[in-house]
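This is work-v4.txt (compact mmCIF, C-alpha atoms and all ligand atoms).
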# COMPACT_ATOMS: atom_id res chain seq x y z
CA MET A 1 121.07 96.87 129.51
CA VAL A 2 120.86 99.51 126.80
CA ARG A 3 124.30 100.56 125.64
CA VAL A 4 125.41 103.01 122.98
CA ALA A 5 127.41 101.52 120.11
CA ARG A 6 127.88 104.64 117.98
CA VAL A 7 127.15 108.34 118.19
CA ILE A 8 126.32 110.28 115.04
CA ALA A 9 128.59 113.28 114.51
CA GLY A 10 126.86 116.60 115.11
CA SER A 11 123.85 114.97 116.82
CA ILE A 12 122.18 115.95 120.09
CA ALA A 13 123.76 112.89 121.71
CA GLU A 14 127.25 114.04 120.76
CA GLU A 15 126.53 117.58 121.93
CA ILE A 16 125.60 116.44 125.44
CA GLY A 17 128.59 114.13 125.71
CA ILE A 18 127.15 110.68 125.12
CA ALA A 19 129.94 108.42 123.87
CA PRO A 20 130.09 104.82 122.64
CA GLY A 21 129.89 102.53 125.67
CA THR A 22 127.50 104.85 127.57
CA GLU A 23 124.75 102.93 129.39
CA LEU A 24 121.32 104.49 128.99
CA LEU A 25 119.43 103.95 132.26
CA SER A 26 116.14 105.84 132.19
CA VAL A 27 114.18 108.50 130.32
CA ASN A 28 111.82 110.78 132.24
CA GLY A 29 112.03 108.45 135.22
CA ARG A 30 111.17 105.29 133.27
CA GLU A 31 113.78 102.60 133.31
CA LEU A 32 114.99 101.36 129.93
CA ALA A 33 114.84 97.64 129.23
CA ASP A 34 115.78 97.71 125.55
CA PHE A 35 115.87 99.67 122.30
CA LEU A 36 112.09 99.91 122.17
CA ASP A 37 111.96 101.86 125.42
CA TRP A 38 114.67 104.19 124.17
CA GLU A 39 112.97 104.67 120.83
CA PHE A 40 109.54 105.40 122.23
CA LEU A 41 110.38 107.27 125.43
CA THR A 42 112.69 109.69 123.63
CA ALA A 43 109.85 110.62 121.28
CA ASP A 44 108.93 113.31 123.83
CA GLU A 45 110.50 116.71 123.43
CA GLU A 46 111.34 117.39 127.06
CA LEU A 47 113.66 114.69 128.27
CA ALA A 48 115.50 113.82 131.46
CA ILE A 49 117.99 111.17 130.39
CA GLU A 50 119.80 109.22 133.09
CA LEU A 51 122.96 107.50 132.00
CA ARG A 52 126.29 106.09 133.05
CA LEU A 53 129.23 107.34 130.99
CA PRO A 54 132.01 104.91 129.99
CA ASP A 55 134.22 106.28 132.82
CA GLY A 56 131.50 105.28 135.35
CA GLU A 57 130.16 108.79 135.96
CA HIS A 58 126.41 108.77 136.63
CA VAL A 59 124.59 111.78 135.12
CA ILE A 60 121.11 113.05 134.31
CA TYR A 61 120.80 115.40 131.35
CA GLU A 62 117.73 117.53 130.99
CA ILE A 63 117.28 118.51 127.40
CA GLU A 64 114.72 119.88 125.03
CA ARG A 65 114.84 117.97 121.78
CA PRO A 66 113.83 120.07 118.77
CA GLU A 67 110.85 118.48 117.02
CA GLY A 68 111.86 115.99 114.35
CA GLU A 69 115.55 115.90 115.36
CA ALA A 70 116.83 112.43 116.16
CA MET A 71 118.92 111.82 119.27
CA GLY A 72 121.68 110.40 117.07
CA VAL A 73 122.74 107.21 118.82
CA GLU A 74 123.00 103.68 117.53
CA LEU A 75 122.55 101.04 120.22
CA GLU A 76 124.30 97.76 120.71
CA PRO A 77 122.17 94.89 119.35
CA PRO A 78 119.59 93.68 121.89
CA THR A 79 119.68 90.29 123.55
CA ILE A 80 117.43 88.20 121.34
CA ARG A 81 114.35 86.54 122.87
CA ARG A 82 114.76 82.80 122.25
CA CYS A 83 112.11 80.48 120.93
CA ALA A 84 110.47 78.02 123.33
CA ASN A 85 109.08 75.79 120.57
CA ARG A 86 110.61 72.84 118.78
CA CYS A 87 108.88 72.72 115.42
CA GLU A 88 109.79 69.64 113.42
CA PHE A 89 110.08 71.81 110.33
CA CYS A 90 112.32 74.43 111.93
CA PHE A 91 114.86 75.64 109.40
CA ILE A 92 117.47 75.91 112.11
CA GLU A 93 117.09 72.21 112.91
CA GLY A 94 117.82 71.67 109.24
CA LEU A 95 121.17 73.46 109.28
CA PRO A 96 124.33 71.41 109.01
CA LYS A 97 126.77 71.58 111.92
CA GLY A 98 129.76 73.90 111.88
CA LEU A 99 128.22 77.13 110.56
CA ARG A 100 128.69 80.45 112.35
CA LYS A 101 126.96 80.59 115.73
CA PRO A 102 124.37 83.34 115.08
CA LEU A 103 122.77 81.15 112.41
CA TYR A 104 121.68 78.68 115.10
CA VAL A 105 119.84 81.28 117.18
CA ARG A 106 116.14 80.46 117.18
CA ASP A 107 114.70 83.92 117.73
CA ASP A 108 111.06 84.41 118.59
CA ASP A 109 111.01 88.08 119.41
CA TYR A 110 108.01 90.37 118.99
CA ARG A 111 110.35 93.38 119.07
CA LEU A 112 112.15 92.16 115.94
CA SER A 113 108.79 91.32 114.43
CA PHE A 114 107.81 94.97 114.69
CA ALA A 115 111.22 96.43 113.89
CA TYR A 116 112.33 94.15 111.02
CA GLY A 117 109.33 92.05 110.00
CA ASN A 118 110.76 88.84 111.50
CA PHE A 119 107.97 86.36 112.14
CA ALA A 120 107.26 85.55 115.80
CA THR A 121 104.89 82.93 117.24
CA LEU A 122 104.06 85.09 120.30
CA SER A 123 104.25 81.88 122.35
CA ASN A 124 106.76 83.45 124.77
CA LEU A 125 104.81 86.68 125.43
CA LYS A 126 104.51 87.72 129.07
CA GLU A 127 101.96 90.11 130.53
CA ARG A 128 104.50 92.95 130.39
CA ASP A 129 105.04 92.27 126.67
CA PHE A 130 101.33 92.60 125.89
CA GLN A 131 101.29 95.90 127.74
CA ARG A 132 104.31 97.21 125.82
CA ILE A 133 102.99 96.10 122.43
CA ILE A 134 99.77 97.95 123.08
CA GLU A 135 101.29 101.01 124.76
CA TYR A 136 103.91 101.46 122.05
CA ARG A 137 101.50 100.48 119.27
CA LEU A 138 103.87 97.89 117.81
CA SER A 139 101.81 97.41 114.69
CA PRO A 140 101.75 95.61 112.37
CA LEU A 141 103.30 92.52 113.91
CA TYR A 142 104.39 89.57 111.76
CA VAL A 143 102.93 86.47 113.38
CA SER A 144 103.66 82.79 112.70
CA VAL A 145 100.18 81.45 113.27
CA HIS A 146 100.57 78.08 111.51
CA ALA A 147 97.13 77.00 112.82
CA THR A 148 94.44 78.62 114.92
CA PRO A 149 92.92 75.40 116.40
CA TRP A 150 94.84 75.15 119.67
CA GLU A 151 95.63 71.42 119.62
CA ALA A 152 96.87 71.55 116.04
CA ARG A 153 99.09 74.50 116.91
CA LYS A 154 100.57 72.67 119.90
CA THR A 155 101.47 69.81 117.57
CA LEU A 156 102.93 72.05 114.90
CA LEU A 157 105.03 74.03 117.36
CA ASN A 158 105.87 70.82 119.22
CA ASN A 159 105.12 72.64 122.46
CA PRO A 160 102.26 71.55 124.76
CA ARG A 161 102.45 74.84 126.67
CA VAL A 162 101.88 77.11 123.72
CA PRO A 163 99.17 79.72 124.47
CA ASN A 164 95.93 80.00 122.52
CA ILE A 165 96.82 82.22 119.56
CA LEU A 166 93.21 83.32 119.05
CA GLU A 167 93.00 84.73 122.57
CA GLN A 168 96.34 86.46 122.09
CA LEU A 169 95.34 88.00 118.77
CA VAL A 170 91.99 89.15 120.18
CA ARG A 171 93.68 90.95 123.04
CA LEU A 172 96.19 92.63 120.76
CA ARG A 173 93.54 93.46 118.15
CA ASP A 174 91.44 95.10 120.88
CA GLY A 175 94.53 97.14 121.72
CA GLY A 176 94.71 98.43 118.15
CA ILE A 177 97.35 96.05 116.76
CA GLN A 178 97.25 94.64 113.22
CA PHE A 179 99.00 91.55 111.91
CA HIS A 180 100.59 90.00 108.86
CA CYS A 181 100.30 86.25 109.42
CA GLN A 182 102.06 83.24 108.00
CA MET A 183 101.19 79.56 108.05
CA VAL A 184 103.93 77.04 107.27
CA ILE A 185 101.92 74.21 105.79
CA VAL A 186 102.80 70.68 106.82
CA PRO A 187 100.88 68.09 104.76
CA GLY A 188 98.58 66.02 106.94
CA LEU A 189 98.70 68.52 109.82
CA ASN A 190 97.43 71.90 108.70
CA ASP A 191 96.60 71.60 105.01
CA GLY A 192 92.96 70.44 105.16
CA ASP A 193 90.28 71.27 107.73
CA VAL A 194 92.83 72.97 109.98
CA LEU A 195 93.76 75.32 107.15
CA GLU A 196 90.11 76.05 106.40
CA GLN A 197 89.36 76.72 110.07
CA SER A 198 92.45 78.89 110.44
CA LEU A 199 91.58 81.02 107.41
CA THR A 200 88.02 81.37 108.70
CA ASP A 201 89.26 82.48 112.12
CA LEU A 202 91.77 84.93 110.68
CA TRP A 203 89.20 86.31 108.24
CA ASN A 204 86.88 86.98 111.18
CA PHE A 205 89.45 89.38 112.62
CA GLY A 206 88.44 91.80 109.88
CA ASP A 207 91.02 94.40 108.98
CA ALA A 208 93.21 93.50 111.97
CA VAL A 209 94.64 90.65 109.89
CA LEU A 210 96.21 92.45 106.95
CA SER A 211 97.49 89.43 105.04
CA VAL A 212 98.10 85.70 105.33
CA ALA A 213 100.94 83.86 103.58
CA LEU A 214 100.85 80.10 103.03
CA VAL A 215 104.37 78.73 102.84
CA PRO A 216 105.21 75.09 102.13
CA VAL A 217 107.28 73.26 104.69
CA GLY A 218 110.92 73.56 103.61
CA LEU A 219 113.32 70.79 104.54
CA THR A 220 117.00 70.23 104.03
CA GLN A 221 118.91 66.96 104.11
CA PHE A 222 119.62 67.71 107.79
CA SER A 223 116.01 68.19 108.97
CA HIS A 224 116.35 65.35 111.47
CA LEU A 225 113.27 66.16 113.59
CA TYR A 226 110.74 66.06 110.78
CA THR A 227 108.41 63.06 110.76
CA GLY A 228 105.64 64.46 108.52
CA GLU A 229 104.81 63.97 104.87
CA SER A 230 106.78 65.89 102.30
CA MET A 231 105.19 68.61 100.23
CA ASP A 232 104.50 67.33 96.73
CA ARG A 233 102.82 68.69 93.62
CA THR A 234 99.36 67.38 94.60
CA ASN A 235 99.50 68.84 98.10
CA ALA A 236 100.77 72.15 96.79
CA SER A 237 97.96 72.33 94.19
CA ARG A 238 95.30 71.59 96.79
CA ILE A 239 96.60 74.28 99.11
CA LEU A 240 96.70 76.80 96.27
CA GLU A 241 93.15 75.96 95.22
CA ARG A 242 91.97 76.71 98.73
CA ALA A 243 94.03 79.90 98.87
CA GLU A 244 92.64 81.03 95.53
CA ARG A 245 89.04 80.40 96.68
CA TRP A 246 89.65 82.56 99.73
CA GLY A 247 91.56 85.10 97.66
CA ALA A 248 88.64 85.46 95.25
CA ARG A 249 86.28 86.05 98.17
CA ALA A 250 88.68 88.57 99.70
CA ARG A 251 88.99 90.51 96.42
CA ALA A 252 85.21 90.60 96.04
CA GLU A 253 84.53 91.68 99.62
CA ARG A 254 87.64 93.61 100.61
CA GLY A 255 89.24 94.62 97.35
CA GLU A 256 92.52 92.78 97.92
CA THR A 257 93.69 89.18 97.71
CA TRP A 258 94.47 88.91 101.47
CA VAL A 259 95.70 85.29 101.41
CA TYR A 260 98.68 84.41 99.24
CA GLY A 261 100.48 81.20 98.36
CA SER A 262 104.23 81.72 98.42
CA ASP A 263 106.10 81.59 95.11
CA GLU A 264 107.55 78.24 96.13
CA LEU A 265 104.07 76.79 96.47
CA TYR A 266 103.29 77.78 92.87
CA LEU A 267 106.58 76.32 91.67
CA LEU A 268 105.93 73.05 93.51
CA ALA A 269 102.42 72.88 92.08
CA GLY A 270 103.71 73.66 88.57
CA ARG A 271 101.20 76.49 88.26
CA PRO A 272 101.88 79.88 86.66
CA LEU A 273 102.74 82.63 89.08
CA PRO A 274 100.25 85.49 89.33
CA PRO A 275 101.15 88.93 87.95
CA ALA A 276 102.45 91.77 90.14
CA SER A 277 98.97 93.32 90.41
CA PHE A 278 97.84 90.24 92.37
CA TYR A 279 100.15 91.11 95.26
CA GLY A 280 99.02 94.66 96.03
CA ASP A 281 101.79 96.34 98.00
CA PHE A 282 103.86 93.11 98.28
CA ALA A 283 103.42 93.05 102.05
CA GLN A 284 105.00 89.60 102.39
CA ILE A 285 107.68 89.75 99.71
CA GLU A 286 110.38 89.00 102.31
CA ASN A 287 108.50 85.77 102.93
CA GLY A 288 108.86 84.72 99.28
CA VAL A 289 105.37 85.93 98.34
CA GLY A 290 105.40 87.75 95.02
CA ALA A 291 109.20 87.90 94.75
CA VAL A 292 109.19 86.54 91.20
CA ALA A 293 106.42 88.90 90.08
CA SER A 294 108.33 91.80 91.60
CA LEU A 295 111.53 90.70 89.82
CA ARG A 296 109.70 90.54 86.49
CA GLU A 297 108.26 93.98 87.11
CA ARG A 298 111.63 95.50 87.99
CA VAL A 299 113.28 93.95 84.94
CA ALA A 300 110.53 95.23 82.65
CA ALA A 301 110.81 98.72 84.14
CA GLY A 302 114.62 98.79 83.84
CA LEU A 303 115.16 97.40 80.32
CA ALA A 304 115.07 100.79 78.64
CA GLU A 305 117.99 102.10 80.70
CA LEU A 306 120.33 99.20 79.92
CA PRO A 307 123.32 99.87 77.67
CA ARG A 308 124.08 97.80 74.56
CA LEU A 309 126.33 94.88 75.47
CA ASP A 310 126.43 93.25 72.05
CA GLY A 311 128.32 90.01 71.91
CA ARG A 312 129.04 89.85 75.65
CA ARG A 313 128.55 86.41 77.19
CA ILE A 314 127.01 86.63 80.64
CA GLY A 315 126.53 83.66 82.97
CA VAL A 316 123.55 83.76 85.33
CA VAL A 317 123.87 81.49 88.36
CA THR A 318 120.59 80.61 90.06
CA GLY A 319 118.95 77.94 92.20
CA THR A 320 117.15 75.03 90.59
CA SER A 321 113.66 76.29 91.54
CA MET A 322 114.09 79.62 89.76
CA ALA A 323 115.74 78.14 86.68
CA PRO A 324 112.55 77.30 84.74
CA LEU A 325 111.28 80.86 85.19
CA MET A 326 114.39 82.55 83.91
CA PRO A 327 114.42 82.01 80.10
CA PRO A 328 111.72 84.60 79.28
CA LEU A 329 113.50 87.17 81.44
CA LEU A 330 116.84 86.40 79.83
CA ASP A 331 115.25 86.71 76.36
CA GLU A 332 114.05 90.20 77.26
CA LEU A 333 117.51 91.11 78.53
CA THR A 334 119.11 89.79 75.33
CA GLU A 335 116.75 91.83 73.20
CA ALA A 336 117.46 94.98 75.20
CA THR A 337 121.26 94.63 75.38
CA GLY A 338 122.43 92.27 72.65
CA ALA A 339 124.31 90.21 75.27
CA ARG A 340 124.03 86.42 75.32
CA PHE A 341 122.90 85.14 78.70
CA GLU A 342 123.62 81.59 79.79
CA LEU A 343 121.52 80.21 82.63
CA ILE A 344 123.54 78.15 85.12
CA PRO A 345 121.13 76.29 87.45
CA THR A 346 123.11 75.19 90.49
CA GLU A 347 122.41 72.59 93.14
CA ASN A 348 122.96 73.38 96.79
CA SER A 349 125.91 71.39 98.09
CA LEU A 350 125.50 72.47 101.72
CA PHE A 351 121.79 71.79 102.31
CA GLY A 352 121.29 69.16 99.64
CA PRO A 353 119.29 69.04 96.42
CA THR A 354 115.91 69.54 98.15
CA THR A 355 116.99 73.10 98.97
CA THR A 356 116.44 74.83 95.66
CA THR A 357 116.30 78.52 96.63
CA ALA A 358 118.83 80.76 94.87
CA GLY A 359 119.37 82.82 98.02
CA LEU A 360 120.72 79.80 99.93
CA LEU A 361 123.49 78.94 97.46
CA VAL A 362 126.89 78.96 99.14
CA GLY A 363 130.37 80.01 98.09
CA ALA A 364 131.36 76.47 97.12
CA ASP A 365 128.35 76.28 94.77
CA ILE A 366 129.32 79.51 93.02
CA ARG A 367 132.90 78.30 92.65
CA ARG A 368 131.73 74.97 91.23
CA ALA A 369 129.31 76.66 88.83
CA LEU A 370 131.85 79.08 87.39
CA GLU A 371 135.28 77.45 87.65
CA GLY A 372 136.94 77.03 84.28
CA ARG A 373 134.37 79.23 82.55
CA HIS A 374 136.88 81.27 80.54
CA ASP A 375 134.30 81.31 77.76
CA LEU A 376 132.14 83.82 79.67
CA ASP A 377 132.88 87.54 79.92
CA LEU A 378 131.26 87.89 83.34
CA ALA A 379 128.73 86.24 85.61
CA LEU A 380 125.89 87.39 87.85
CA ILE A 381 125.10 85.55 91.06
CA PRO A 382 122.12 85.98 93.46
CA ALA A 383 122.96 88.88 95.79
CA GLU A 384 120.70 87.36 98.47
CA CYS A 385 123.19 84.58 99.17
CA ILE A 386 125.81 87.02 100.53
CA ASN A 387 125.27 88.70 103.90
CA ASP A 388 126.04 92.30 104.88
CA ASN A 389 129.60 91.28 105.76
CA GLY A 390 130.19 89.83 102.31
CA VAL A 391 130.09 86.20 103.46
CA PHE A 392 128.18 83.18 102.14
CA LEU A 393 126.44 80.72 104.50
CA ASP A 394 129.40 78.35 104.23
CA GLU A 395 131.74 81.09 105.56
CA GLU A 396 133.37 81.64 102.19
CA SER A 397 133.88 85.35 101.55
CA PHE A 398 132.56 86.75 98.30
CA VAL A 399 135.92 88.40 97.61
CA ALA A 400 137.77 85.09 97.98
CA VAL A 401 135.30 83.29 95.71
CA ARG A 402 135.43 86.06 93.12
CA GLU A 403 139.24 86.09 93.11
CA SER A 404 139.40 82.34 92.60
CA LEU A 405 137.33 82.49 89.41
CA PRO A 406 138.57 83.26 85.90
CA ILE A 407 135.91 85.89 85.12
CA PRO A 408 134.47 88.95 86.89
CA VAL A 409 131.53 87.99 89.11
CA PHE A 410 128.86 90.39 90.37
CA PRO A 411 126.08 89.92 92.91
CA SER A 412 122.75 91.07 91.52
CA TYR A 413 119.19 91.27 92.82
CA ASP A 414 117.45 91.93 89.54
CA PHE A 415 119.96 92.17 86.62
CA ILE A 416 119.18 95.86 86.21
CA ASP A 417 121.13 96.77 89.36
CA ALA A 418 124.29 95.21 87.89
CA LEU A 419 123.86 95.94 84.18
CA ALA A 420 122.52 99.51 84.20
CA PRO A 421 125.02 102.23 83.18
CA GLU A 422 125.96 102.91 86.81
CA GLY A 423 125.78 99.18 87.75
CA ALA A 424 128.86 97.31 88.95
CA ALA A 425 129.03 94.96 85.95
CA THR A 426 128.76 97.49 83.17
CA PRO A 427 132.30 98.95 83.06
CA HIS A 428 133.66 95.41 82.72
CA ALA A 429 131.09 94.44 80.15
CA ALA A 430 131.13 97.49 77.93
S1 LIG A 501 108.96 78.79 116.15
FE1 LIG A 501 109.51 76.81 115.34
S2 LIG A 501 110.36 77.28 113.34
FE2 LIG A 501 110.39 79.18 114.50
S3 LIG A 501 112.43 79.22 115.45
FE3 LIG A 501 111.00 78.28 116.91
S4 LIG A 501 111.24 76.09 116.55
FE4 LIG A 501 112.08 77.13 114.77
Please render this file's structure as structure tokens.
Ligand code: SF4
Amino acid sequence: MVRVARVIAGSIAEEIGIAPGTELLSVNGRELADFLDWEFLTADEELAIELRLPDGEHVIYEIERPEGEAMGVELEPPTIRRCANRCEFCFIEGLPKGLRKPLYVRDDDYRLSFAYGNFATLSNLKERDFQRIIEYRLSPLYVSVHATPWEARKTLLNNPRVPNILEQLVRLRDGGIQFHCQMVIVPGLNDGDVLEQSLTDLWNFGDAVLSVALVPVGLTQFSHLYTGESMDRTNASRILERAERWGARARAERGETWVYGSDELYLLAGRPLPPASFYGDFAQIENGVGAVASLRERVAAGLAELPRLDGRRIGVVTGTSMAPLMPPLLDELTEATGARFELIPTENSLFGPTTTTAGLLVGADIRRALEGRHDLDLALIPAECINDNGVFLDEESFVAVRESLPIPVFPSYDFIDALAPEGAATPHAA
């Protein structure tokens, strides 16, 4: 069912009487299954919209939508397509019990792949889904390939019924769809010949495969299904060497790197991270590919606009993996502002010390890192660890954490956002 959550004031939808709670049934005679149908079918200018108003009245509006004018409705969130796999490395299997319910939803939804860049394995695609992807040109899709050899992929996804990804990609490619792919690398399963074969297969798709990210398996202390080897420095180096060989070939033949090791892989291998130019348009930054290079670039670009903060003492809370990369950035910030920055590397108390990402720190970690720190004037914490509702993964609210601490605390993505003249931290710091 497609139901309206909100109507934008002054929009076409409001004009014709659509209200929150209205069920959208069909457009130009085609039944609506979800937001994609609504989005694509209302792209026409002449529309016959069938709907059921909140009072139960059934109506069909015939309207002419002026070109470029949106209908002006926000829909209720769709029912998420669930994952049929049971990967040993699944992050959701590595969550502790007792967190909020939505965190345990294992989505595997090509619609969210197109709309939000969520990775999907495509293993639950039905014939109708292929037709929709091609008809609506849902491109690019973000695909969790993991391995192209079928047997290896069945093992990795822990699902003997998983379809052949190569056949699926061929069909979609022939329908005009492009892909950003990821491979979560599990040592002993897809880091050697399987990786080589997979890169060869994906390379042979030509420009249909836009990029490939290699991401090391990430485990928490709760990853109870995992029976594989852990990712160590040697494994990570070997994977990066292979990626760099392919990357060099891709740059020579296609003018872009094409296959990228994630930042975490470089950190695990103890190798320097490539510069921003290596990552082109940062197509997989949400997947942790080039995030550090992008941060360095944003800091460098924003230094000139920072105010002087001479003598201020600023704590910087971060995860243990980012900590070694921070000092040069903090030196630049000190030079530009005169403030003294203190790095506060913090272990993850919820997922355990093997989870080192700054964005997964929880409220209790921030509290522990900053309690009693009267000696600081303010502190910056990773903005990524707070969701849109202002809540950490351990259900602590940011406001409650902030109020429990002796100094002002500000979420920040890149220092500049908080410290620039219009940034949240500046009035307190100046
Ligand atoms: S595909 Fe694997 S990793 Fe992704 S949600 Fe499903 S079980 Fe988890």
Which centre and edge lengths in Å to one decimal define the box along x, y and z that fits every listed atom of ligand LIG 501 (chain A) plus 8 Å per side, as AutoDock Vina command-line options?
--center_x 110.7 --center_y 77.7 --center_z 115.1 --size_x 19.5 --size_y 19.1 --size_z 19.6
Site check for ligand LIG 501 (chain A): residues at most 12 Å away, only C-alpha atoms and all ligand atoms, as number ranges by chain: A: 80-95, 103-110, 118-124, 143-146, 153-159, 162, 182-186, 217-219, 223, 225-226
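Pairwise distance (CA of Pro406 in chain A, CA of Gly372 in chain A) equals 6.6 Å.
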For Ala70 in chain A: contacts at 12 Å, all atoms listed in the file, fewer than 2 positions along chain excluded, given as a count of residues only: 23
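One distance worth recording is that between CA of Asp365 in chain A and CA of Leu350 in chain A, which is 8.4 Å.
Take CA of Glu395 in chain A and CA of Ala418 in chain A: the distance between them is 23.8 Å.
For Ser321 in chain A, the non-local neighbours within 7 Å, defined as residues at least 3 positions apart in the same chain or in other chains and counting only C-alpha atoms, are Pro324, Thr356 and Thr357 of chain A.
In this comparison, which uses only C-alpha atoms, the residue of A:Met322, A:Leu267, A:Leu306, A:Met1 approaching Leu419 in chain A most closely is A:Leu306.
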Shell around Val4 in chain A at 10 Å using all atoms listed in the file, local window under 4 positions removed, as JSON, numbers by chain: {"A": [18, 19, 20, 21, 22, 23, 24, 53, 54, 73, 74, 75, 76, 77]}
Point (113.6, 85.3, 79.4), cut-off 12 Å, counting all atoms listed in the file, residues as a PyMOL selection string: chain A and resi 295-296+299-300+316+322-336+340-343+415
Working from the structure I just supplied, which lacks atoms in range 362-368 of chain A, can you model all heavy atoms there and output them as a compact mmCIF listing (two decimals), in the coordinates of the input?
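The resulting part.txt:
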# COMPACT_ATOMS: atom_id res chain seq x y z
N VAL A 362 125.72 78.61 98.31
CA VAL A 362 126.89 78.96 99.14
C VAL A 362 128.11 79.19 98.23
O VAL A 362 128.07 78.91 97.02
CB VAL A 362 127.16 77.86 100.19
CG1 VAL A 362 125.99 77.75 101.15
CG2 VAL A 362 127.45 76.52 99.53
N GLY A 363 129.17 79.67 98.87
CA GLY A 363 130.37 80.01 98.09
C GLY A 363 130.88 78.84 97.26
O GLY A 363 131.25 79.02 96.09
N ALA A 364 130.86 77.64 97.85
CA ALA A 364 131.36 76.47 97.12
C ALA A 364 130.53 76.21 95.87
O ALA A 364 131.06 75.75 94.84
CB ALA A 364 131.33 75.24 98.04
N ASP A 365 129.22 76.50 95.95
CA ASP A 365 128.35 76.28 94.77
C ASP A 365 128.72 77.25 93.65
O ASP A 365 128.75 76.87 92.47
CB ASP A 365 126.88 76.48 95.16
CG ASP A 365 126.44 75.55 96.27
OD1 ASP A 365 126.98 74.44 96.35
OD2 ASP A 365 125.57 75.95 97.06
N ILE A 366 128.98 78.50 94.04
CA ILE A 366 129.32 79.51 93.02
C ILE A 366 130.65 79.14 92.35
O ILE A 366 130.78 79.18 91.13
CB ILE A 366 129.42 80.92 93.68
CG1 ILE A 366 128.12 81.27 94.42
CG2 ILE A 366 129.80 81.98 92.64
CD1 ILE A 366 126.88 81.33 93.59
N ARG A 367 131.60 78.74 93.18
CA ARG A 367 132.90 78.30 92.65
C ARG A 367 132.72 77.16 91.65
O ARG A 367 133.24 77.19 90.54
CB ARG A 367 133.73 77.77 93.81
CG ARG A 367 135.03 78.47 94.04
CD ARG A 367 135.81 77.65 95.06
NE ARG A 367 135.86 78.28 96.35
CZ ARG A 367 136.65 79.29 96.64
NH1 ARG A 367 137.44 79.79 95.73
NH2 ARG A 367 136.64 79.81 97.84
N ARG A 368 131.93 76.16 92.07
CA ARG A 368 131.73 74.97 91.23
C ARG A 368 131.04 75.35 89.91
O ARG A 368 131.37 74.86 88.84
CB ARG A 368 130.88 73.96 92.00
CG ARG A 368 130.96 72.54 91.48
CD ARG A 368 130.10 71.59 92.30
NE ARG A 368 128.69 71.86 92.20
CZ ARG A 368 127.92 72.33 93.18
NH1 ARG A 368 128.42 72.58 94.36
NH2 ARG A 368 126.64 72.56 92.98
